[in-house]
Amino acid sequence: MRNILTIEEFRNLKRENLLDYKYYGAEFFFYKEGDDIFKEILNLPKEKLEKIPLYNFAVTAQERAWDALNQLTLAYSAGHEITELREFYQTVLERWMTYSERYIKYDNSAESEGAYVALLPLFGDGYEQANRLVCFTILLGHEKHLKKLMPIIDFKNPKKDGLLERLVSFYVTDRGMPPDECTRHLPYFKTLKIFSAEKEKRAEMMATYLEQWYHASRREAYHDSHERGMNFFGYWSWEAAAITYLLDIDDRSFRDAQFYPKDLVDFARNMQADPTASGTAAPPDGELRATAGQSCPKAGRWEALDIPPQVKSYQQDELMLNLGSAYGLTVWRYMDG
């Protein structure tokens with residue numbers, strides 16, 4: 001993550017209105033300080049390192065994994081560029097992999113005394129972290145890493161989750177049929193019917209989900225966290241963004257909804273259509289798309305996935321126009337002939 005935003009950058013760019021600059025700055029300092037302390041521990045002489053209990057290493061690695069995910073979340077709320085978040089994701093994944101390795105090493109040792117604890121307990125607060133991890137992985141264009149992430153989520157969780165399994169199923173095909181329930185009931189189970197709904201009804205259903213999302217989240221740890229001083233990283237329905245992207249829902253009717261992280265959806269859609277991007281999913285339902293500078297693959301009317309959307313007729317092999325889109329890449333979607 002690059003240097004902290006200046007106060008003026010923060011005021012102009014922040015996405016979460018309830019986020020305070022002093023808190024944002026203090027949290028970034030806290031994350032850096034934690035990294036420095038951990039590096040000092042790892043630089044201890046070998047004989048001292050060997051005396052540190054495996055549990056201590058596991059807990060420290062857990063805290064670093066949590067901090068990295070929270071830093072990524074906070075950076076989105078504060079207004080950091082999405083390309084910067086995409087780069088920092090690699091650090092997030094690395095820390096969760098390290099946490100998994102160190103915890104499993106402890107779990108397999110006599111020191112654990114048969115403890116049975118999930119890395120991300122889906123029946124508790126670990127669900128919200130798992131949801132963020134899966135959604136960020138998809139929306140930041142790192143979906144190829146889901147196969148690495150899912151064993152972390154699976155570890156010692158007795159049941160799979162209906163929402164997470166539906167999200168992951170777009171990229172990982174060997175996990176069986178997703179269950180029809182969520183391990184954390186509200187608000188998440190309300191998303192399941194969106195997946196099974198007719199395409200033309202999904203936008204209205206998503207708009208309703210976002211209207212009800214915060215109240216339905218009243219039993220979640222993040223609810224009212226802005227009033228408690230610490231541990232506030234912004235209020236966002238990450239799952240709404242991931243579902244909108246994966247099901248290619250037209251978000252014009254709800255893109256200004258309070259808890260909808262629209263910038264991530266726009267970024268994911270541009271990443272998906274960029275022919276130079278690796279590991280991205282094919283457009284849903286075989287939808288035909290092209291990017292600015294490409295030769296038009298099919299004559300007809302094309303809609304630019306931009307705000308506001310624009311429609312233009314192209315002849316086959318005519319160059320697709322660049323409209324100066326927010327992320328530097330205009331994506332065109334074929335409408336009709």
# chains A, B, ... in the order shown; residues from 1 in each chain; ligands from 1
>>> closest_atom_pairs(of="range 56-149 of chain A", to="range 155-159 of chain A", cutoff="8 Å", atoms="only C-alpha atoms", output="CSV")
residue,atom,partner,partner_atom,distance
A:Tyr116,CA,A:Lys156,CA,7.1
A:Val117,CA,A:Lys156,CA,6.5
A:Ala118,CA,A:Lys156,CA,4.7
A:Leu119,CA,A:Phe155,CA,6.2
A:Leu120,CA,A:Phe155,CA,7.7
A:Pro121,CA,A:Asn157,CA,6.3
A:Leu122,CA,A:Asn157,CA,6.7
>>> select_by_dssp(residues="range 93-238 of chain A", states="alpha helix (DSSP H)", output="ChimeraX atom specification")
/A:93-107,126-139,146-154,162-168,192-196,202-216,238
>>> atom_distance(atom1="CA of Leu139 in chain A", atom2="CA of Gly34 in chain A")
27.2 Å
>>> atom_distance(atom1="CA of Phe29 in chain A", atom2="CA of Leu133 in chain A")
22.6 Å
>>> atom_distance(atom1="CA of His145 in chain A", atom2="CA of Phe267 in chain A")
17.8 Å
